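What follows is a short report on a single structure.
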Amino acid sequence: MKRPPWPVLALVLVLVGGSLAVVTRPSPEGPRYITDDQGRAITLHGFNTAGSTKGDPDAMPWIEEQDVESEYEQMGTNFVRFLLQWRALEPEPGEYDEEYLDAVAERVSWYAERDYHVLLDMHQDLWGQGITEAGRVGNGAPEWGTHTDGLPVEEQEQWELVYLEPGTMRSFDHFWNTTGEHPELMDHYVRAWRHVADRFADEPAVLGYDLMNEPWGGTLQGPDFEKGPLAELYRRSITAIREVDNDSWIFVEPQAVGINWGLPSALPHLDDPREGKPRIVYAPHIYPLPMDMGESYGGDENGGGDGRSGRGESSRVWIDRSISLWRRNVLATADRLEAPIVLGEFGLDTSSPGAMEYVERMLAVTDEIGAGRAYWSNDLDGWGPWAGRADGGEERAVVPGPLVDVMNRPYPRAIAGEPLAVHYDRPTQTLTVSFAEKNDGSVTGPTEIYVPEGGFPGGGSITSSDPEGSWSGEWDADRRVWEVESAPYLQEHELVVSPAN
Ligand code: 9MR
């Protein structure tokens, strides 16, 4: 294991931290929320499904319907960031593969049956398989849209480094039309999105569209890229999608490099021409730089412990600093975009020291900032929730790994009002949810709180700050959900769910 260049990292974080003293706080209106068709604020809690899509000839994830059932039974999730591949959608220029979309729709129906919200994510890493002859690295773009101009691409041990290879850089430069030679590529991408939206506009389980996974600007980086061709791609895609789909939420990501480490994004505000309030979502990822460099969340927050860096400070301290930076900068960007936040990816090798504490930390941070989250990823690869499939037997059910217990926790699936605070205390297994009445007739239906099986027989106990007799809590044992009707004449409510005594 090579040693990370700690002094350089320290300098970057200090410089960036210092220059960000002016970053704005969350807006006075507080965070914004994605709402369901009853006007309730929803918390998205789930997985990316799946990394296996990238290399699959049909571009389908490894899952069967029974695996979606296991996921709901064992973790009560309500969200999936479902990977799409442009190569499968538009195998030849202007020709869309309807069989591919049928296969996507079939999987969407597995989730729909279990009340999930599906986000369709146009995934790419390293542009596409066509950046090398062997096709072992890169996924997303079709071969016909890949122009390396014969420049070399060498495979690297750390996959992200392949972004810097000349042929990869050139492929992106052509897509963003920095070269001025391939303006048709972005046209195709935008039309492909319109086609997807047209297909899924009337499918209520499809919550929205993530326009591009982890954008990379090639030779254009930072604000030049985010305010330039990236914003152009977003504007054009939003316009095209709205021609056929007025209601879905459109998720936009910042440039990945740097922003995934916690640095600020320059993504500009994007108008939404839909009828009604805008439905743009800010959907960044987090992969703290020390982790990219092979460090773990082991050690303790006081600087002691394993650390592996051998420089007196635990890598956890550095990771916590990255998370703080990320949080502050994400709030500032979401504020500028006037958009709710969904953390589209966070994840790590579940066997690394402190891994489950890191996941807990990110669940807490997303609760604090009112953001949804999708763990990377639901795969059978050591990062995901499953240790593998059971041997033998007809069903070959998935076997839970350590992540299952961490993801399986109480959370408010839908809040019938304006969320004020959500806090889960792991040691006492107590969830506190407070929210304000909206008073504008925009919300119908109960607040819904998911509660796991372990420690909560019969749903555990629920209390409300509303006076007795003015509110009700119904336990739906099938869905493992509390349905709470609050007293509409009160301005604020606080619900507390805890294990039964
Ligand atoms: O975990 C994935 C790894 O196995 C692949 O080699 C790599 C390249 O396709 O992608 C990894 O997944 C990444 C995701 O596609 C984008 N965000 C970061 C993820 C973790 O590195």
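Chain identifiers are assigned as A, B, and so on, following the order in which chains appear in the structure tokens; residues are numbered from 1 within each chain, and ligands are numbered from 1 in order of appearance.
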Quick one: which chain A residues come within 10 Å of ligand 1, and what is the nearest atom pair for each with the distance in Å to one decimal, counting only C-alpha atoms and all ligand atoms, rows ordered by chain and ascending number, as JSON lines?
```
{"residue": "A:Asn48", "atom": "CA", "partner": "ligand 1", "partner_atom_place_in_ligand_line": "14 (C)", "distance": 9.3}
{"residue": "A:Ala50", "atom": "CA", "partner": "ligand 1", "partner_atom_place_in_ligand_line": "15 (O)", "distance": 9.1}
{"residue": "A:Gly51", "atom": "CA", "partner": "ligand 1", "partner_atom_place_in_ligand_line": "2 (C)", "distance": 6.2}
{"residue": "A:Ser52", "atom": "CA", "partner": "ligand 1", "partner_atom_place_in_ligand_line": "4 (O)", "distance": 8.5}
{"residue": "A:Thr53", "atom": "CA", "partner": "ligand 1", "partner_atom_place_in_ligand_line": "9 (O)", "distance": 9.9}
{"residue": "A:Lys54", "atom": "CA", "partner": "ligand 1", "partner_atom_place_in_ligand_line": "9 (O)", "distance": 7.0}
{"residue": "A:Gly55", "atom": "CA", "partner": "ligand 1", "partner_atom_place_in_ligand_line": "9 (O)", "distance": 8.6}
{"residue": "A:Leu83", "atom": "CA", "partner": "ligand 1", "partner_atom_place_in_ligand_line": "15 (O)", "distance": 9.4}
{"residue": "A:His123", "atom": "CA", "partner": "ligand 1", "partner_atom_place_in_ligand_line": "15 (O)", "distance": 7.2}
{"residue": "A:Gln124", "atom": "CA", "partner": "ligand 1", "partner_atom_place_in_ligand_line": "15 (O)", "distance": 6.8}
{"residue": "A:Asp125", "atom": "CA", "partner": "ligand 1", "partner_atom_place_in_ligand_line": "9 (O)", "distance": 5.3}
{"residue": "A:Leu126", "atom": "CA", "partner": "ligand 1", "partner_atom_place_in_ligand_line": "9 (O)", "distance": 7.5}
{"residue": "A:Trp127", "atom": "CA", "partner": "ligand 1", "partner_atom_place_in_ligand_line": "9 (O)", "distance": 9.8}
{"residue": "A:Gly128", "atom": "CA", "partner": "ligand 1", "partner_atom_place_in_ligand_line": "9 (O)", "distance": 9.5}
{"residue": "A:Gln129", "atom": "CA", "partner": "ligand 1", "partner_atom_place_in_ligand_line": "9 (O)", "distance": 9.8}
{"residue": "A:Arg136", "atom": "CA", "partner": "ligand 1", "partner_atom_place_in_ligand_line": "9 (O)", "distance": 9.2}
{"residue": "A:Val137", "atom": "CA", "partner": "ligand 1", "partner_atom_place_in_ligand_line": "9 (O)", "distance": 6.7}
{"residue": "A:Gly138", "atom": "CA", "partner": "ligand 1", "partner_atom_place_in_ligand_line": "9 (O)", "distance": 6.0}
{"residue": "A:Asn139", "atom": "CA", "partner": "ligand 1", "partner_atom_place_in_ligand_line": "9 (O)", "distance": 6.6}
{"residue": "A:Gly140", "atom": "CA", "partner": "ligand 1", "partner_atom_place_in_ligand_line": "9 (O)", "distance": 9.4}
{"residue": "A:Glu157", "atom": "CA", "partner": "ligand 1", "partner_atom_place_in_ligand_line": "6 (O)", "distance": 9.7}
{"residue": "A:Gln158", "atom": "CA", "partner": "ligand 1", "partner_atom_place_in_ligand_line": "6 (O)", "distance": 8.5}
{"residue": "A:Trp159", "atom": "CA", "partner": "ligand 1", "partner_atom_place_in_ligand_line": "8 (C)", "distance": 6.0}
{"residue": "A:Glu160", "atom": "CA", "partner": "ligand 1", "partner_atom_place_in_ligand_line": "8 (C)", "distance": 7.4}
{"residue": "A:Val162", "atom": "CA", "partner": "ligand 1", "partner_atom_place_in_ligand_line": "8 (C)", "distance": 9.6}
{"residue": "A:Asn213", "atom": "CA", "partner": "ligand 1", "partner_atom_place_in_ligand_line": "16 (C)", "distance": 7.0}
{"residue": "A:Glu214", "atom": "CA", "partner": "ligand 1", "partner_atom_place_in_ligand_line": "16 (C)", "distance": 6.5}
{"residue": "A:Pro215", "atom": "CA", "partner": "ligand 1", "partner_atom_place_in_ligand_line": "16 (C)", "distance": 9.9}
{"residue": "A:Ala256", "atom": "CA", "partner": "ligand 1", "partner_atom_place_in_ligand_line": "17 (N)", "distance": 8.4}
{"residue": "A:Asn260", "atom": "CA", "partner": "ligand 1", "partner_atom_place_in_ligand_line": "17 (N)", "distance": 9.0}
{"residue": "A:His285", "atom": "CA", "partner": "ligand 1", "partner_atom_place_in_ligand_line": "17 (N)", "distance": 7.5}
{"residue": "A:Ile286", "atom": "CA", "partner": "ligand 1", "partner_atom_place_in_ligand_line": "18 (C)", "distance": 8.6}
{"residue": "A:Tyr287", "atom": "CA", "partner": "ligand 1", "partner_atom_place_in_ligand_line": "18 (C)", "distance": 7.5}
{"residue": "A:Asp292", "atom": "CA", "partner": "ligand 1", "partner_atom_place_in_ligand_line": "21 (O)", "distance": 8.2}
{"residue": "A:Gly344", "atom": "CA", "partner": "ligand 1", "partner_atom_place_in_ligand_line": "17 (N)", "distance": 9.1}
{"residue": "A:Glu345", "atom": "CA", "partner": "ligand 1", "partner_atom_place_in_ligand_line": "17 (N)", "distance": 6.6}
{"residue": "A:Phe346", "atom": "CA", "partner": "ligand 1", "partner_atom_place_in_ligand_line": "18 (C)", "distance": 7.9}
{"residue": "A:Gly347", "atom": "CA", "partner": "ligand 1", "partner_atom_place_in_ligand_line": "20 (C)", "distance": 7.3}
{"residue": "A:Leu348", "atom": "CA", "partner": "ligand 1", "partner_atom_place_in_ligand_line": "20 (C)", "distance": 7.7}
{"residue": "A:Asp349", "atom": "CA", "partner": "ligand 1", "partner_atom_place_in_ligand_line": "1 (O)", "distance": 9.2}
{"residue": "A:Trp376", "atom": "CA", "partner": "ligand 1", "partner_atom_place_in_ligand_line": "19 (C)", "distance": 6.7}
{"residue": "A:Ser377", "atom": "CA", "partner": "ligand 1", "partner_atom_place_in_ligand_line": "1 (O)", "distance": 7.6}
{"residue": "A:Asp379", "atom": "CA", "partner": "ligand 1", "partner_atom_place_in_ligand_line": "1 (O)", "distance": 8.9}
{"residue": "A:Asp381", "atom": "CA", "partner": "ligand 1", "partner_atom_place_in_ligand_line": "4 (O)", "distance": 8.0}
{"residue": "A:Gly382", "atom": "CA", "partner": "ligand 1", "partner_atom_place_in_ligand_line": "1 (O)", "distance": 9.7}
{"residue": "A:Trp383", "atom": "CA", "partner": "ligand 1", "partner_atom_place_in_ligand_line": "1 (O)", "distance": 7.8}
{"residue": "A:Gly384", "atom": "CA", "partner": "ligand 1", "partner_atom_place_in_ligand_line": "1 (O)", "distance": 9.8}
```
Backbone-only DSSP, helix (DSSP H, G or I) members of segment 12-214 of chain A, as a PyMOL selection string: chain A and resi 12-19+51-53+65-75+86-89+98-112+129-131+143-145+159-164+166-175+183-200
DSSP-assigned strand (DSSP E) members of segment 101-192 of chain A, reported as JSON, numbers by chain: {"A": [117, 118, 119, 120, 121, 122]}
Shortest interatomic distance to Ile280 of chain A - which of A:Pro340, A:Pro402, A:Pro152, A:Gly469, counting only C-alpha atoms: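 Checking each of A:Pro340, A:Pro402, A:Pro152, A:Gly469 against Ile280 of chain A, counting only C-alpha atoms, the winner is A:Pro340.
Nearest to Thr219 of chain A of all the residues A:Asp187, A:Glu368, A:Glu203, A:Asp173 is A:Asp173, based on only C-alpha atoms.
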Counting only C-alpha atoms, which residues of segment 381-437 of chain A sit at most 10 Å from some atom of segment 472-487 of chain A, and what is each one's closest atom pair with its distance in Å to one decimal, listed by chain and rising residue number, as CSV?
```
residue,atom,partner,partner_atom,distance
A:Pro410,CA,A:Val481,CA,9.3
A:Tyr411,CA,A:Val481,CA,9.6
A:Pro412,CA,A:Val481,CA,9.1
A:Arg413,CA,A:Val481,CA,8.7
A:Ala414,CA,A:Glu483,CA,9.5
A:Ile415,CA,A:Val484,CA,9.3
A:Ala416,CA,A:Glu485,CA,8.4
A:Gly417,CA,A:Ser486,CA,9.9
A:Glu437,CA,A:Ser486,CA,9.1
```
Residues near Ser296 of chain A, anyone? I mean within 7 Å using only C-alpha atoms, not counting same-chain ones fewer than 5 positions away, as a JSON list (two decimals) with N, CA and C atoms, in the first residue's frame.
```json
[["chain", "number", "residue", "atom", "x", "y", "z"],
["A", 291, "MET", "N", -10.03, 8.11, 1.56],
["A", 291, "MET", "CA", -10.54, 6.77, 1.23],
["A", 291, "MET", "C", -10.15, 6.36, -0.19],
["A", 315, "SER", "N", -6.70, 8.46, 10.15],
["A", 315, "SER", "CA", -7.33, 8.82, 8.89],
["A", 315, "SER", "C", -8.78, 9.23, 9.12],
["A", 352, "SER", "N", -13.61, -3.12, 5.62],
["A", 352, "SER", "CA", -12.51, -2.24, 6.04],
["A", 352, "SER", "C", -12.78, -1.74, 7.46],
["A", 353, "PRO", "N", -11.72, -1.43, 8.23],
["A", 353, "PRO", "CA", -11.92, -1.01, 9.62],
["A", 353, "PRO", "C", -12.84, 0.22, 9.70],
["A", 354, "GLY", "N", -13.81, 0.16, 10.59],
["A", 354, "GLY", "CA", -14.70, 1.30, 10.81],
["A", 354, "GLY", "C", -15.74, 1.51, 9.72]]
```
Top pick for closest residue to Val104 of chain A, considering A:Asp58, A:Asp300, A:Asp440, A:Glu357 and counting only C-alpha atoms: A:Asp58
Top pick for closest residue to Thr132 of chain A, considering A:Asn177, A:Thr366, A:Ser171, A:Ser248 and counting only C-alpha atoms: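 The closest residue to Thr132 of chain A is A:Ser171.
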Option closest in space to Phe47 of chain A, from A:Tyr234, A:Tyr100, A:Trp471, A:Tyr116 [counting only C-alpha atoms]: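 Ranking A:Tyr234, A:Tyr100, A:Trp471, A:Tyr116 by distance to Phe47 of chain A, first place goes to A:Tyr116.
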Between atom CA of Glu295 of chain A and atom CA of Glu165 of chain A, distance in Å (one decimal):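 Answer for the atom CA of Glu295 of chain A to atom CA of Glu165 of chain A separation: 24.6 Å.
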Residue neighbourhood Met186 of chain A, 12 Å, only C-alpha atoms, exclusion window fewer than 3 positions, as a list in words: Pro93, Ala141, Gly145, Phe172, Asp173, His174, Phe175, Trp176, Asn177, Thr178, Gly180, Glu181, His182, Pro183, Tyr189, Val190, Arg191, Ala192, Trp193, Met212, Pro229, Leu230, Glu232, Leu233, Tyr234, Arg235, Arg236 and Ser237 of chain A
Using only C-alpha atoms, which protein or nucleic acid residues come within 9 Å of Glu143 of chain A? Drop anything in the same chain fewer than 5 positions from it, and give the result as a compact mmCIF listing (two decimals) with N, CA and C atoms, in the first residue's frame.
```
# COMPACT_ATOMS: atom_id res chain seq x y z
N ARG A 87 -25.18 2.96 -24.19
CA ARG A 87 -24.82 2.02 -25.26
C ARG A 87 -25.98 1.05 -25.56
N PRO A 91 -28.08 1.74 -29.42
CA PRO A 91 -26.95 0.94 -29.94
C PRO A 91 -26.43 1.45 -31.28
N GLU A 92 -27.32 2.03 -32.10
CA GLU A 92 -26.90 2.68 -33.34
C GLU A 92 -27.44 4.10 -33.30
N GLY A 128 -16.76 5.10 -21.88
CA GLY A 128 -17.43 3.91 -22.42
C GLY A 128 -16.45 2.79 -22.66
N GLN A 129 -17.02 1.63 -22.95
CA GLN A 129 -16.16 0.46 -23.19
C GLN A 129 -15.21 0.67 -24.37
N GLY A 130 -15.63 1.53 -25.31
CA GLY A 130 -14.86 1.71 -26.53
C GLY A 130 -13.55 2.48 -26.38
N ILE A 131 -13.22 2.92 -25.16
CA ILE A 131 -11.95 3.66 -25.02
C ILE A 131 -10.74 2.75 -25.16
```
Selection near segment 262-270 of chain A, 10 Å with only C-alpha atoms, sequence-local residues under 5 positions removed, as a count of residues only: 54
Which of A:Val118, A:Ile241, A:Leu185, A:Met169 sits closest to Trp216 of chain A [using only C-alpha atoms]: A:Met169
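When atom CA of Val80 of chain A is paired with atom CA of Thr35 of chain A, their separation reads 16.3 Å.
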Distance of atom CA of Ala500 of chain A from atom CA of Glu453 of chain A, expressed in Å to one decimal place: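 Here the two named atoms are 11.5 Å from each other.
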